[in-house]
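Quick look at my_file38.cif (mmCIF, C-alpha atoms):
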```cif
data_target
#
loop_
_atom_site.group_PDB
_atom_site.id
_atom_site.type_symbol
_atom_site.label_atom_id
_atom_site.label_comp_id
_atom_site.auth_asym_id
_atom_site.auth_seq_id
_atom_site.Cartn_x
_atom_site.Cartn_y
_atom_site.Cartn_z
ATOM 1 C CA MET A 1 72.227 155.336 105.868
ATOM 2 C CA ILE A 2 73.901 151.949 106.283
ATOM 3 C CA LYS A 3 74.174 151.032 109.943
ATOM 4 C CA HIS A 4 76.347 147.937 109.742
ATOM 5 C CA CYS A 5 77.594 145.979 106.796
ATOM 6 C CA LYS A 6 79.924 143.016 106.882
ATOM 7 C CA PHE A 7 81.952 142.997 103.704
ATOM 8 C CA ARG A 8 82.688 139.532 102.400
ATOM 9 C CA VAL A 9 84.703 138.849 99.304
ATOM 10 C CA ASN A 10 83.522 135.851 97.395
ATOM 11 C CA SER A 11 86.685 135.247 95.407
ATOM 12 C CA VAL A 12 85.133 132.371 93.491
ATOM 13 C CA SER A 13 82.489 134.538 91.836
ATOM 14 C CA ARG A 14 84.593 137.723 91.443
ATOM 15 C CA TYR A 15 87.720 135.973 90.158
ATOM 16 C CA PRO A 16 86.748 132.651 88.558
ATOM 17 C CA ASN A 17 90.340 131.643 87.736
ATOM 18 C CA PHE A 18 91.686 132.436 91.211
ATOM 19 C CA PRO A 19 91.261 129.918 94.073
ATOM 20 C CA ALA A 20 89.371 130.863 97.227
ATOM 21 C CA PRO A 21 91.456 132.254 100.130
ATOM 22 C CA GLY A 22 90.919 129.028 102.075
ATOM 23 C CA VAL A 23 92.584 127.030 99.303
ATOM 24 C CA LEU A 24 95.636 129.296 99.340
ATOM 25 C CA LEU A 25 95.856 129.087 103.128
ATOM 26 C CA ALA A 26 95.593 125.281 102.985
ATOM 27 C CA ILE A 27 98.427 125.118 100.427
ATOM 28 C CA LEU A 28 100.587 127.466 102.510
ATOM 29 C CA SER A 29 99.845 125.401 105.607
ATOM 30 C CA ALA A 30 100.859 122.189 103.813
ATOM 31 C CA ILE A 31 104.112 123.767 102.601
ATOM 32 C CA LEU A 32 105.000 125.025 106.089
ATOM 33 C CA PHE A 33 104.093 121.673 107.665
ATOM 34 C CA GLY A 34 106.200 119.809 105.108
ATOM 35 C CA ALA A 35 109.179 122.109 105.658
ATOM 36 C CA SER A 36 108.996 121.956 109.451
ATOM 37 C CA THR A 37 110.370 118.414 109.858
ATOM 38 C CA PRO A 38 113.543 118.828 107.758
ATOM 39 C CA LEU A 39 114.187 122.257 109.308
ATOM 40 C CA ALA A 40 113.699 120.896 112.833
ATOM 41 C CA LYS A 41 116.021 118.004 111.980
ATOM 42 C CA LEU A 42 118.624 120.487 110.774
ATOM 43 C CA VAL A 43 118.371 122.514 113.997
ATOM 44 C CA LEU A 44 118.526 119.364 116.144
ATOM 45 C CA GLY A 45 121.614 118.258 114.206
ATOM 46 C CA ASN A 46 123.357 121.450 115.293
ATOM 47 C CA GLY A 47 123.095 120.414 118.935
ATOM 48 C CA VAL A 48 119.896 122.133 120.062
ATOM 49 C CA ASN A 49 118.162 120.284 122.892
ATOM 50 C CA PRO A 50 114.828 118.645 121.806
ATOM 51 C CA TRP A 51 113.086 120.122 124.886
ATOM 52 C CA LEU A 52 114.227 123.618 123.969
ATOM 53 C CA LEU A 53 113.258 123.274 120.306
ATOM 54 C CA ALA A 54 109.797 121.897 121.158
ATOM 55 C CA SER A 55 109.278 124.778 123.584
ATOM 56 C CA LEU A 56 110.370 127.386 121.037
ATOM 57 C CA LEU A 57 108.163 125.899 118.299
ATOM 58 C CA TYR A 58 105.077 125.968 120.479
ATOM 59 C CA LEU A 59 105.907 129.401 121.845
ATOM 60 C CA GLY A 60 106.164 130.662 118.254
ATOM 61 C CA SER A 61 102.865 129.013 117.409
ATOM 62 C CA GLY A 62 101.164 130.639 120.391
ATOM 63 C CA VAL A 63 102.575 134.076 119.582
ATOM 64 C CA GLY A 64 101.547 133.744 115.929
ATOM 65 C CA LEU A 65 98.003 132.724 116.834
ATOM 66 C CA ALA A 66 97.761 135.542 119.375
ATOM 67 C CA ILE A 67 98.740 138.029 116.665
ATOM 68 C CA VAL A 68 96.186 136.599 114.222
ATOM 69 C CA HIS A 69 93.487 136.669 116.906
ATOM 70 C CA GLY A 70 94.335 140.262 117.835
ATOM 71 C CA VAL A 71 94.295 141.454 114.223
ATOM 72 C CA ARG A 72 90.975 139.702 113.561
ATOM 73 C CA ARG A 73 89.435 141.400 116.588
ATOM 74 C CA MET A 74 90.808 144.812 115.582
ATOM 75 C CA ILE A 75 89.266 144.608 112.109
ATOM 76 C CA GLY A 76 85.989 143.287 113.478
ATOM 77 C CA ARG A 77 86.310 139.742 112.155
ATOM 78 C CA GLY A 78 86.598 138.012 115.525
ATOM 79 C CA GLU A 79 84.510 134.884 115.448
ATOM 80 C CA ALA A 80 82.464 133.789 118.437
ATOM 81 C CA GLU A 81 83.622 130.565 120.026
ATOM 82 C CA ALA A 82 81.631 128.239 122.215
ATOM 83 C CA PRO A 83 82.259 129.230 125.823
ATOM 84 C CA LEU A 84 84.188 126.900 128.110
ATOM 85 C CA VAL A 85 82.237 125.474 131.017
ATOM 86 C CA ARG A 86 83.581 123.884 134.193
ATOM 87 C CA ALA A 87 83.009 120.365 132.820
ATOM 88 C CA ASP A 88 85.400 121.149 129.931
ATOM 89 C CA LEU A 89 88.349 122.011 132.170
ATOM 90 C CA PRO A 90 89.628 118.435 132.835
ATOM 91 C CA TRP A 91 89.556 117.695 129.088
ATOM 92 C CA LEU A 92 91.244 121.017 128.336
ATOM 93 C CA ALA A 93 93.976 120.259 130.894
ATOM 94 C CA LEU A 94 94.519 116.817 129.349
ATOM 95 C CA VAL A 95 94.746 118.304 125.843
ATOM 96 C CA ILE A 96 97.236 120.937 127.017
ATOM 97 C CA LEU A 97 99.358 118.348 128.816
ATOM 98 C CA CYS A 98 99.403 115.781 126.014
ATOM 99 C CA GLY A 99 99.231 117.961 122.913
ATOM 100 C CA GLY A 100 101.117 120.981 124.180
ATOM 101 C CA ALA A 101 103.807 119.466 126.399
ATOM 102 C CA VAL A 102 104.373 115.713 126.059
ATOM 103 C CA ALA A 103 103.787 115.260 122.305
ATOM 104 C CA PRO A 104 106.077 118.067 121.077
ATOM 105 C CA VAL A 105 108.950 116.894 123.276
ATOM 106 C CA LEU A 106 108.479 113.285 122.130
ATOM 107 C CA LEU A 107 108.329 114.473 118.505
ATOM 108 C CA MET A 108 111.610 116.376 118.788
ATOM 109 C CA ALA A 109 113.289 113.542 120.716
ATOM 110 C CA GLY A 110 112.151 111.065 118.058
ATOM 111 C CA LEU A 111 113.253 113.371 115.274
ATOM 112 C CA ALA A 112 116.704 113.605 116.870
ATOM 113 C CA THR A 113 117.104 109.819 116.451
ATOM 114 C CA THR A 114 115.128 109.218 113.228
ATOM 115 C CA PRO A 115 115.837 110.171 109.613
ATOM 116 C CA ALA A 116 113.780 113.196 108.540
ATOM 117 C CA SER A 117 112.172 111.238 105.685
ATOM 118 C CA THR A 118 110.855 108.563 108.062
ATOM 119 C CA ALA A 119 109.609 111.171 110.508
ATOM 120 C CA SER A 120 107.795 113.044 107.716
ATOM 121 C CA LEU A 121 105.990 109.876 106.632
ATOM 122 C CA LEU A 122 105.023 109.117 110.218
ATOM 123 C CA LEU A 123 103.732 112.675 110.668
ATOM 124 C CA ASN A 124 101.459 112.191 107.654
ATOM 125 C CA LEU A 125 99.976 109.178 109.414
ATOM 126 C CA GLU A 126 99.169 111.378 112.432
ATOM 127 C CA GLY A 127 96.051 112.571 110.625
ATOM 128 C CA LEU A 128 94.919 108.988 110.131
ATOM 129 C CA ALA A 129 95.460 108.197 113.801
ATOM 130 C CA THR A 130 93.503 111.308 114.785
ATOM 131 C CA LEU A 131 90.678 110.318 112.442
ATOM 132 C CA ALA A 132 90.600 106.773 113.837
ATOM 133 C CA ILE A 133 90.532 107.984 117.457
ATOM 134 C CA ALA A 134 87.793 110.533 116.711
ATOM 135 C CA TRP A 135 85.719 107.929 114.883
ATOM 136 C CA LEU A 136 86.190 104.927 117.167
ATOM 137 C CA VAL A 137 86.564 106.521 120.606
ATOM 138 C CA PHE A 138 84.524 109.709 120.378
ATOM 139 C CA ARG A 139 81.976 108.440 117.808
ATOM 140 C CA GLU A 140 82.543 111.363 115.423
ATOM 141 C CA ASN A 141 80.752 111.249 112.103
ATOM 142 C CA VAL A 142 83.007 109.871 109.369
ATOM 143 C CA ASP A 143 81.599 109.764 105.868
ATOM 144 C CA ARG A 144 82.789 108.218 102.628
ATOM 145 C CA ARG A 145 84.720 111.368 101.656
ATOM 146 C CA LEU A 146 86.837 111.240 104.824
ATOM 147 C CA LEU A 147 87.509 107.529 104.381
ATOM 148 C CA ILE A 148 88.568 108.075 100.750
ATOM 149 C CA GLY A 149 90.905 110.877 101.891
ATOM 150 C CA ALA A 150 92.335 108.656 104.625
ATOM 151 C CA ALA A 151 92.877 105.855 102.103
ATOM 152 C CA ALA A 152 94.676 108.302 99.797
ATOM 153 C CA ILE A 153 96.978 109.421 102.631
ATOM 154 C CA LEU A 154 97.700 105.826 103.601
ATOM 155 C CA GLY A 155 98.261 104.838 99.961
ATOM 156 C CA GLY A 156 100.673 107.732 99.461
ATOM 157 C CA ALA A 157 102.620 106.804 102.590
ATOM 158 C CA VAL A 158 102.826 103.171 101.488
ATOM 159 C CA LEU A 159 103.929 104.159 97.980
ATOM 160 C CA LEU A 160 106.613 106.546 99.264
ATOM 161 C CA SER A 161 107.949 104.024 101.772
ATOM 162 C CA TRP A 162 107.911 101.061 99.374
ATOM 163 C CA ARG A 163 111.162 99.131 99.608
ATOM 164 C CA GLY A 164 110.297 96.152 97.434
ATOM 165 C CA CYS A 165 109.194 92.619 98.090
ATOM 166 C CA PRO A 166 111.420 89.703 99.199
ATOM 167 C CA ALA A 167 111.578 88.396 95.616
ATOM 168 C CA GLY A 168 113.128 91.697 94.518
ATOM 169 C CA GLY A 169 110.228 92.780 92.330
ATOM 170 C CA GLY A 170 109.732 96.140 94.035
ATOM 171 C CA ALA A 171 111.644 99.370 94.005
ATOM 172 C CA ARG A 172 115.143 99.415 95.460
ATOM 173 C CA HIS A 173 114.352 102.716 97.122
ATOM 174 C CA ALA A 174 111.355 105.051 97.246
ATOM 175 C CA GLY A 175 112.644 107.328 94.485
ATOM 176 C CA ASP A 176 113.044 104.555 91.877
ATOM 177 C CA ARG A 177 109.603 104.720 90.244
ATOM 178 C CA ARG A 178 110.763 102.799 87.167
ATOM 179 C CA ARG A 179 110.687 99.548 89.130
ATOM 180 C CA LEU A 180 107.450 100.014 91.070
ATOM 181 C CA PRO A 181 104.937 97.244 90.359
ATOM 182 C CA GLY A 182 102.546 98.163 87.582
ATOM 183 C CA LEU A 183 104.733 100.948 86.188
ATOM 184 C CA GLY A 184 106.893 98.674 84.050
ATOM 185 C CA HIS A 185 110.641 98.136 83.749
ATOM 186 C CA ARG A 186 113.025 100.205 81.643
#
```

What would the structure in this file look like if it were written as structure tokens?
Amino acid sequence: MIKHCKFRVNSVSRYPNFPAPGVLLAILSAILFGASTPLAKLVLGNGVNPWLLASLLYLGSGVGLAIVHGVRRMIGRGEAEAPLVRADLPWLALVILCGGAVAPVLLMAGLATTPASTASLLLNLEGLATLAIAWLVFRENVDRRLLIGAAAILGGAVLLSWRGCPAGGGARHAGDRRRLPGLGHR
């Protein structure tokens, strides 16, 4: 008799041509993140207050995570987390204040006054800022792979925001790839 068995699907070995569930979730996450800025800009353009929109976005996020957590616990896949201790509470309060209250309101207020394309590029640089703070302030381990990824993000942001050089040799706007340096003229 089997007392307890955790069933794990290793999609890589069972389905060699199908990506692992984590890959699909990462792609879905990227799509939703990319769509959030233009959609928020659209809602803000219809007169919704930035404070209200930031509150609704984070309320939706909290409800969604609560549902995921509840479902995971019901099916027995709840993962153990490190317990909070009293020394963690000031840091937790600071994270909640900055990341859960001040930052979302500032994001929506900035989005109300900034083109969505500019805001999307700046949001991509958020990951680089987070990496730099973790590495320089908190002494997190950063290896070559992370630095290469950060360079790719920065390079993509620079390429997409390229407006040309003073001599006129660059692209007139980001979408004109025919005139980007190194790609030739047509």

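You will find atom CA of Ser55 of chain A at 10.6 Å from atom CA of Val102 of chain A.
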
To verify the selection step, state as an mmCIF file with C-alpha atoms, in the frame of the given file which residues the PyMOL selection byres ((chain A and resi 43) around 12) yields on this input.
```cif
data_model
loop_
_atom_site.group_PDB
_atom_site.id
_atom_site.type_symbol
_atom_site.label_atom_id
_atom_site.label_comp_id
_atom_site.auth_asym_id
_atom_site.auth_seq_id
_atom_site.Cartn_x
_atom_site.Cartn_y
_atom_site.Cartn_z
ATOM 1 C CA SER A 36 108.996 121.956 109.451
ATOM 2 C CA THR A 37 110.370 118.414 109.858
ATOM 3 C CA PRO A 38 113.543 118.828 107.758
ATOM 4 C CA LEU A 39 114.187 122.257 109.308
ATOM 5 C CA ALA A 40 113.699 120.896 112.833
ATOM 6 C CA LYS A 41 116.021 118.004 111.980
ATOM 7 C CA LEU A 42 118.624 120.487 110.774
ATOM 8 C CA LEU A 44 118.526 119.364 116.144
ATOM 9 C CA GLY A 45 121.614 118.258 114.206
ATOM 10 C CA ASN A 46 123.357 121.450 115.293
ATOM 11 C CA GLY A 47 123.095 120.414 118.935
ATOM 12 C CA VAL A 48 119.896 122.133 120.062
ATOM 13 C CA ASN A 49 118.162 120.284 122.892
ATOM 14 C CA PRO A 50 114.828 118.645 121.806
ATOM 15 C CA LEU A 52 114.227 123.618 123.969
ATOM 16 C CA LEU A 53 113.258 123.274 120.306
ATOM 17 C CA ALA A 54 109.797 121.897 121.158
ATOM 18 C CA LEU A 56 110.370 127.386 121.037
ATOM 19 C CA LEU A 57 108.163 125.899 118.299
ATOM 20 C CA MET A 108 111.610 116.376 118.788
ATOM 21 C CA LEU A 111 113.253 113.371 115.274
ATOM 22 C CA ALA A 112 116.704 113.605 116.870
ATOM 23 C CA ALA A 116 113.780 113.196 108.540
#
```

Study note, to complete from the structure: From atom CA of Ser161 of chain A to atom CA of Thr118 of chain A the spacing works out at 8.3 Å

Practice item. Just give me the gap between atom CA of Trp91 of chain A and atom CA of Glu79 of chain A in Å, one decimal is fine. Key: 22.5 Å

Point to revise | Given the PyMOL selection byres ((chain A and resi 148-152) around 10), the residues it picks as a list in words | key: Leu125, Gly127, Leu128, Ala129, Leu131, Ala132, Asp143, Arg144, Arg145, Leu146, Leu147, Ile153, Leu154, Gly155, Gly156, Ala157 and Val158 of chain A

Study note, to complete from the structure: With distances taken over all atoms listed in the file, the candidate from A:Leu122, A:Thr114, A:Gly99, A:Val63 nearest Gly34 of chain A is A:Leu122
